[in-house]
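What's in work33.csv: CSV, C-alpha atoms
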chain,number,residue,atom,x,y,z
A,275,MET,CA,-10.2,17.8,-11.3
A,276,ILE,CA,-9.0,16.1,-8.1
A,277,ASP,CA,-8.9,18.3,-5.0
A,278,ARG,CA,-5.6,17.7,-3.1
A,279,SER,CA,-7.3,18.7,0.1
A,280,LYS,CA,-9.4,15.5,-0.3
A,281,ILE,CA,-6.3,13.3,-0.5
A,282,VAL,CA,-4.7,11.9,2.6
A,283,ALA,CA,-1.4,10.1,2.9
A,284,LEU,CA,-1.1,7.1,5.1
A,285,ILE,CA,2.4,5.9,6.1
A,286,PRO,CA,3.0,2.8,8.3
A,287,ALA,CA,6.3,3.1,10.2
A,288,PHE,CA,8.4,1.0,12.5
A,289,ASN,CA,11.7,2.3,13.8
A,290,GLU,CA,12.2,4.7,10.9
A,291,GLU,CA,13.4,7.8,12.7
A,292,LYS,CA,16.1,8.5,10.1
A,293,SER,CA,13.8,8.7,7.2
A,294,ILE,CA,10.3,9.5,8.3
A,295,GLY,CA,10.8,13.2,8.9
A,296,LEU,CA,12.0,13.9,5.4
A,297,ILE,CA,9.2,11.9,3.9
A,298,VAL,CA,6.5,13.6,5.9
A,299,ARG,CA,7.9,17.0,5.1
A,300,GLU,CA,7.8,16.4,1.4
A,301,VAL,CA,4.3,14.9,1.5
A,302,VAL,CA,3.0,17.8,3.6
A,303,ASN,CA,4.6,20.3,1.2
A,304,LEU,CA,2.5,18.8,-1.6
A,305,GLY,CA,-0.6,19.9,0.3
A,306,LEU,CA,-1.7,16.5,1.6
A,307,LYS,CA,-2.9,15.8,5.1
A,308,THR,CA,-0.5,13.1,6.4
A,309,TYR,CA,-1.1,10.3,8.9
A,310,VAL,CA,1.7,8.1,10.2
A,311,VAL,CA,0.9,4.8,12.0
A,312,ASP,CA,3.7,4.3,14.4
A,313,ASP,CA,3.8,0.5,14.8
A,314,GLY,CA,5.2,0.2,18.2
A,315,SER,CA,8.5,1.9,17.4
A,316,THR,CA,11.2,2.0,20.1
A,317,ASP,CA,13.0,5.0,18.6
A,318,GLN,CA,12.0,8.6,17.8
A,319,THR,CA,9.7,7.7,14.8
A,320,LYS,CA,6.7,9.3,16.5
A,321,ALA,CA,8.4,12.5,17.5
A,322,MET,CA,10.0,13.0,14.1
A,323,ALA,CA,6.7,12.4,12.3
A,324,GLN,CA,5.0,14.9,14.5
A,325,LYS,CA,7.8,17.5,14.2
A,326,TYR,CA,7.3,17.6,10.4
A,327,GLY,CA,3.6,17.9,10.4
A,328,ALA,CA,2.0,14.4,10.6
A,329,CYS,CA,-0.8,13.2,12.7
A,330,VAL,CA,0.4,10.0,14.5
A,331,ILE,CA,-1.7,7.0,15.2
A,332,GLN,CA,0.0,4.9,17.8
A,333,ASN,CA,0.2,1.1,18.0
A,334,GLU,CA,1.4,0.2,21.5
A,335,VAL,CA,3.2,-2.9,20.2
A,336,ASN,CA,4.4,-3.9,16.8
A,337,GLU,CA,1.5,-5.5,14.9
A,338,GLY,CA,2.8,-5.6,11.3
A,339,LYS,CA,2.3,-3.5,8.2
A,340,GLY,CA,-1.1,-4.9,7.3
A,341,ALA,CA,-2.5,-4.4,10.8
A,342,SER,CA,-1.2,-0.8,10.8
A,343,LEU,CA,-2.8,0.0,7.4
A,344,ILE,CA,-6.1,-1.4,8.5
A,345,CYS,CA,-5.9,0.6,11.8
A,346,GLY,CA,-5.0,3.7,9.8
A,347,LEU,CA,-7.8,3.3,7.3
A,348,LYS,CA,-10.4,2.8,10.1
A,349,THR,CA,-9.1,6.0,11.7
A,350,LEU,CA,-9.3,8.0,8.5
A,351,LEU,CA,-12.9,6.8,7.8
A,352,ASP,CA,-13.9,8.1,11.3
A,353,ARG,CA,-11.9,11.4,11.2
A,354,THR,CA,-11.9,12.7,7.6
A,355,ASP,CA,-14.0,13.2,4.5
A,356,PHE,CA,-11.1,12.1,2.2
A,357,GLU,CA,-11.8,11.0,-1.4
A,358,PHE,CA,-8.5,9.3,-1.9
A,359,VAL,CA,-5.8,7.8,0.3
A,360,ILE,CA,-2.2,7.3,-0.8
A,361,PHE,CA,0.0,4.7,0.8
A,362,LEU,CA,3.8,5.3,1.2
A,363,ASP,CA,6.5,3.3,2.9
A,364,ALA,CA,8.4,5.0,5.6
A,365,ASP,CA,11.9,3.8,4.7
A,366,GLY,CA,12.5,6.1,1.7
A,367,GLN,CA,11.7,3.5,-1.1
A,368,HIS,CA,8.7,5.6,-2.2
A,369,ASP,CA,9.7,9.1,-3.5
A,370,PRO,CA,6.9,11.6,-2.6
A,371,LYS,CA,7.7,13.4,-5.8
A,372,SER,CA,5.9,10.7,-7.6
A,373,ILE,CA,2.6,11.5,-5.9
A,374,PRO,CA,1.4,13.9,-8.7
A,375,SER,CA,1.8,11.0,-11.2
A,376,PHE,CA,-0.7,8.9,-9.1
A,377,ILE,CA,-3.1,11.9,-9.0
A,378,ASP,CA,-2.8,12.4,-12.8
A,379,ALA,CA,-3.4,8.7,-13.5
A,380,ALA,CA,-6.5,8.7,-11.3
A,381,LYS,CA,-7.8,11.8,-13.0
A,382,CYS,CA,-7.2,10.5,-16.6
A,383,SER,CA,-8.3,6.9,-16.1
A,384,ASN,CA,-10.9,7.2,-13.3
A,385,ALA,CA,-9.5,3.9,-12.0
A,386,ASP,CA,-10.3,3.0,-8.4
A,387,VAL,CA,-6.8,1.8,-7.5
A,388,ILE,CA,-3.6,3.2,-8.9
A,389,ILE,CA,-0.6,0.9,-8.1
A,390,GLY,CA,3.1,1.9,-8.5
A,391,ASN,CA,5.0,-0.2,-11.0
A,392,ARG,CA,8.8,-0.5,-10.4
A,393,MET,CA,9.2,-3.3,-12.9
A,394,HIS,CA,9.5,-1.0,-15.9
A,395,ASN,CA,13.0,-0.2,-14.7
A,396,PRO,CA,14.0,-2.6,-11.8
A,397,ALA,CA,17.8,-2.1,-12.2
A,398,ASN,CA,18.2,-1.1,-8.5
A,399,MET,CA,16.0,-3.8,-7.1
A,400,PRO,CA,17.9,-6.7,-5.3
A,401,TRP,CA,17.8,-9.8,-7.4
A,402,ASP,CA,15.9,-11.9,-4.8
A,403,ARG,CA,13.2,-9.2,-4.5
A,404,LEU,CA,13.0,-8.9,-8.3
A,405,TRP,CA,12.3,-12.5,-8.9
A,406,THR,CA,10.0,-12.9,-5.9
A,407,ASN,CA,8.0,-10.0,-7.2
A,408,ARG,CA,7.8,-11.4,-10.7
A,409,VAL,CA,6.6,-14.8,-9.5
A,410,THR,CA,4.0,-13.4,-7.1
A,411,SER,CA,2.8,-10.8,-9.6
A,412,TRP,CA,2.3,-13.6,-12.2
A,413,ILE,CA,0.3,-15.7,-9.6
A,414,VAL,CA,-1.9,-12.8,-8.5
A,415,SER,CA,-2.5,-11.8,-12.2
A,416,LYS,CA,-3.7,-15.4,-12.9
A,417,VAL,CA,-5.9,-15.5,-9.9
A,418,ILE,CA,-7.7,-12.2,-10.6
A,419,GLY,CA,-7.6,-12.5,-14.4
A,420,GLN,CA,-5.9,-9.2,-15.0
A,421,SER,CA,-2.2,-8.3,-15.5
A,422,ILE,CA,-0.6,-6.7,-12.4
A,423,PRO,CA,3.0,-6.0,-13.1
A,424,ASP,CA,4.1,-5.2,-9.5
A,425,CYS,CA,1.7,-6.6,-7.0
A,426,GLN,CA,4.1,-6.0,-4.1
A,427,CYS,CA,4.6,-2.3,-4.5
A,428,GLY,CA,3.1,-0.6,-1.5
A,429,TYR,CA,3.0,2.8,-3.2
A,430,ARG,CA,-0.6,3.2,-4.3
A,431,LEU,CA,-3.6,5.6,-4.5
A,432,ILE,CA,-7.0,4.3,-3.6
A,433,LYS,CA,-10.5,5.7,-3.7
A,434,ARG,CA,-12.6,6.0,-0.5
A,435,SER,CA,-15.2,3.7,-2.0
A,436,VAL,CA,-12.7,0.9,-2.2
A,437,VAL,CA,-11.7,1.4,1.4
A,438,GLU,CA,-15.3,1.3,2.5
A,439,LYS,CA,-16.1,-1.9,0.5
A,440,VAL,CA,-13.2,-4.2,0.8
A,441,ARG,CA,-12.7,-6.5,3.8
A,442,LEU,CA,-9.1,-6.8,4.6
A,443,SER,CA,-7.8,-9.2,7.3
A,444,THR,CA,-4.1,-9.7,6.5
A,445,GLN,CA,-1.7,-8.5,9.2
A,446,ARG,CA,1.7,-8.2,7.4
A,447,TYR,CA,3.2,-7.7,4.0
A,448,ASP,CA,0.6,-9.8,2.3
A,449,ILE,CA,-1.7,-6.8,2.7
A,450,GLU,CA,-0.3,-5.5,-0.7
A,451,CYS,CA,-1.8,-8.5,-2.6
A,452,ASP,CA,-4.9,-8.7,-0.4
A,453,ILE,CA,-5.9,-5.2,-1.4
A,454,ILE,CA,-5.6,-6.1,-5.1
A,455,ILE,CA,-7.5,-9.3,-4.8
A,456,GLN,CA,-10.3,-7.9,-2.7
A,457,ALA,CA,-10.7,-4.8,-4.9
A,458,VAL,CA,-11.0,-6.9,-8.1
A,459,LYS,CA,-13.4,-9.2,-6.3
A,460,GLU,CA,-15.7,-6.2,-5.5
A,461,GLY,CA,-15.6,-5.0,-9.1
A,462,PHE,CA,-13.1,-2.1,-8.8
A,463,SER,CA,-10.7,-1.1,-11.5
A,464,ILE,CA,-6.9,-1.1,-11.2
A,465,LYS,CA,-4.3,0.8,-13.2
A,466,ALA,CA,-0.5,0.9,-12.8
A,467,VAL,CA,1.8,3.9,-13.0
A,468,PRO,CA,5.6,3.8,-13.3
A,469,VAL,CA,7.6,4.6,-10.2
A,470,ASP,CA,11.3,4.5,-9.5
A,471,SER,CA,12.9,1.5,-7.8
A,472,ILE,CA,14.7,3.0,-4.8
A,473,TYR,CA,16.8,0.7,-2.6
A,474,ARG,CA,19.4,1.8,-0.1
A,475,GLN,CA,21.2,0.0,2.7
A,476,GLU,CA,18.1,-0.1,5.0
A,477,LYS,CA,17.3,-3.3,6.7
A,478,SER,CA,14.1,-5.0,5.4
A,479,HIS,CA,11.4,-6.0,7.8
A,480,ILE,CA,10.3,-8.8,5.4
A,481,GLN,CA,10.8,-12.3,6.7
A,482,PRO,CA,11.0,-14.7,3.7
A,483,ILE,CA,9.7,-17.9,5.2
A,484,ARG,CA,6.9,-16.4,7.1
A,485,ASP,CA,5.8,-14.0,4.4
A,486,THR,CA,5.9,-16.7,1.7
A,487,PHE,CA,3.7,-18.9,3.9
A,488,LEU,CA,1.3,-15.9,4.3
A,489,PHE,CA,1.2,-15.3,0.6
A,490,VAL,CA,0.4,-18.9,-0.2
A,491,LYS,CA,-2.3,-18.9,2.4
A,492,LEU,CA,-3.8,-15.7,0.8
A,493,ILE,CA,-3.8,-17.2,-2.7
A,494,ILE,CA,-5.5,-20.4,-1.5
A,495,ARG,CA,-8.2,-18.3,0.2
A,496,ALA,CA,-8.6,-16.2,-3.0
A,497,LEU,CA,-9.0,-19.3,-5.1
A,498,PHE,CA,-11.6,-20.7,-2.7
A,499,GLN,CA,-13.5,-17.4,-2.8
A,500,ARG,CA,-13.4,-17.3,-6.6
A,501,LYS,CA,-14.7,-20.9,-6.8
A,502,ASN,CA,-17.6,-20.0,-4.5
A,503,LEU,CA,-18.4,-16.9,-6.5
A,504,PHE,CA,-18.6,-18.8,-9.7
A,505,GLN,CA,-20.8,-21.4,-8.1
A,506,ARG,CA,-23.2,-18.7,-6.9
A,507,LYS,CA,-23.4,-17.2,-10.4
A,508,ASP,CA,-24.2,-20.6,-11.9
A,509,LYS,CA,-27.2,-21.1,-9.7
Please re-express this file's structure in structure tokens.
Amino acid sequence: MIDRSKIVALIPAFNEEKSIGLIVREVVNLGLKTYVVDDGSTDQTKAMAQKYGACVIQNEVNEGKGASLICGLKTLLDRTDFEFVIFLDADGQHDPKSIPSFIDAAKCSNADVIIGNRMHNPANMPWDRLWTNRVTSWIVSKVIGQSIPDCQCGYRLIKRSVVEKVRLSTQRYDIECDIIIQAVKEGFSIKAVPVDSIYRQEKSHIQPIRDTFLFVKLIIRALFQRKNLFQRKDK
């Protein structure tokens, strides 16, 4: 049995005043303590998150999704005795109604990381995001030696032990893949759970050229780390 009072939600947000209130309200109604990292927003994101029951962690300037998650995780480790943390995006792509599916998957499998999988039904995903996701998921799967169907899905449930052990350094959207790679490197187990692919007319904060470069840099680093690990084991 997983106690929901021991699960916290962590939501990085940048200029999401239109959607953040509804998301926070639904998560709070599920009985989860909710933290929003306001990543230097210039609108009413902070006020809306607080209005609907979230604790807000404030970045004075925009630092990126990865930096916001790392900041949020450090805060949670200091402030709470959580056993699980669930990540959601603030733009409405992650339906809070799917949270019980993550909890059930963690309970049944005892996996350390539960990742959302939109690829079982990606009909609503823009074609460029679909093919980018397929390619990056294939690469990450090859690097870690385990099939990951949707490495870029930021909707995920993670045990506290993973948060305490992994060493994350990525600042932007490469954080999604970095968490997977570092978790497997440390011996943690990963399971995927189906989630809906929700895309509206919201403007994406992803920058293709920059984020592709960061992904390639991450993969090169992961391959270098794996090579060094195998060398140490052979000695």
Residue neighbourhood Val440 in chain A, 8 Å, only C-alpha atoms, exclusion window fewer than 3 positions, as number ranges by chain: A: 436-437, 453, 456-457, 460
Closest of A:Ala321, A:Cys382, A:Leu404, A:Ile344 to Ile449 in chain A - atom-to-atom distances counting all atoms listed in the file: A:Ile344
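The shortest atom-to-atom distance to Pro370 in chain A, with only C-alpha atoms taken into account, belongs to A:Tyr429 out of A:Tyr473, A:Tyr309, A:Tyr429, A:Phe288.
The residue that comes closest to Pro396 in chain A, out of A:Ile472, A:Ile373, A:Ile294, A:Val467 and on the basis of only C-alpha atoms, is A:Ile472.
Residues lying within 6 Å of (-1.5, 8.9, 12.8). Counted over all atoms listed in the file, they are Tyr309, Val310, Val311, Cys329, Val330 and Ile331 of chain A.
The spacing separating CA of Val387 in chain A from CA of Ile454 in chain A amounts to 8.3 Å.
Among the candidates A:Leu442, A:Cys451, A:Ala397, A:Val359, the one nearest to Cys425 in chain A when counting all atoms listed in the file is A:Cys451.
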12 Å contact set for Tyr326 in chain A, all atoms listed in the file, chain neighbours under 2 positions out, as number ranges by chain: A: 291, 293-303, 307-310, 319-324, 328-330
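Of the listed residues A:Met393, A:Leu362, A:Met275, A:Ile422, the one whose atoms come nearest to Asp378 in chain A is A:Met275, with distances taken using only C-alpha atoms.
Atom to atom, CA of Gln426 in chain A and CA of Ala364 in chain A stand 15.3 Å apart.
Ranking A:Ile377, A:Gly428, A:Lys459, A:Glu357 by their shortest atom-to-atom distance to Pro286 in chain A, with all atoms listed in the file included, puts A:Gly428 first.
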CA of Leu347 in chain A to CA of Glu438 in chain A, distance in Å rounded to a single decimal: 9.1 Å
So for range 299-308 of chain A, what box centre and size do we get, axis-aligned, 5 Å extra on each of the six sides, every listed atom, Å to one decimal, as JSON?
{"center_x": 2.5, "center_y": 16.7, "center_z": 2.4, "size_x": 20.8, "size_y": 17.2, "size_z": 18.0}
Protein and nucleic acid residues near (-6.4, 13.7, -1.4) (cut-off 9 Å, all atoms listed in the file) as a ChimeraX atom specification: /A:276-283,305-307,356-360,377
Contact residues around Ala379 in chain A with only C-alpha atoms at 12 Å, ignoring same-chain residues under 3 positions, as number ranges by chain: A: 275-276, 372-376, 382-390, 430-432, 464-468
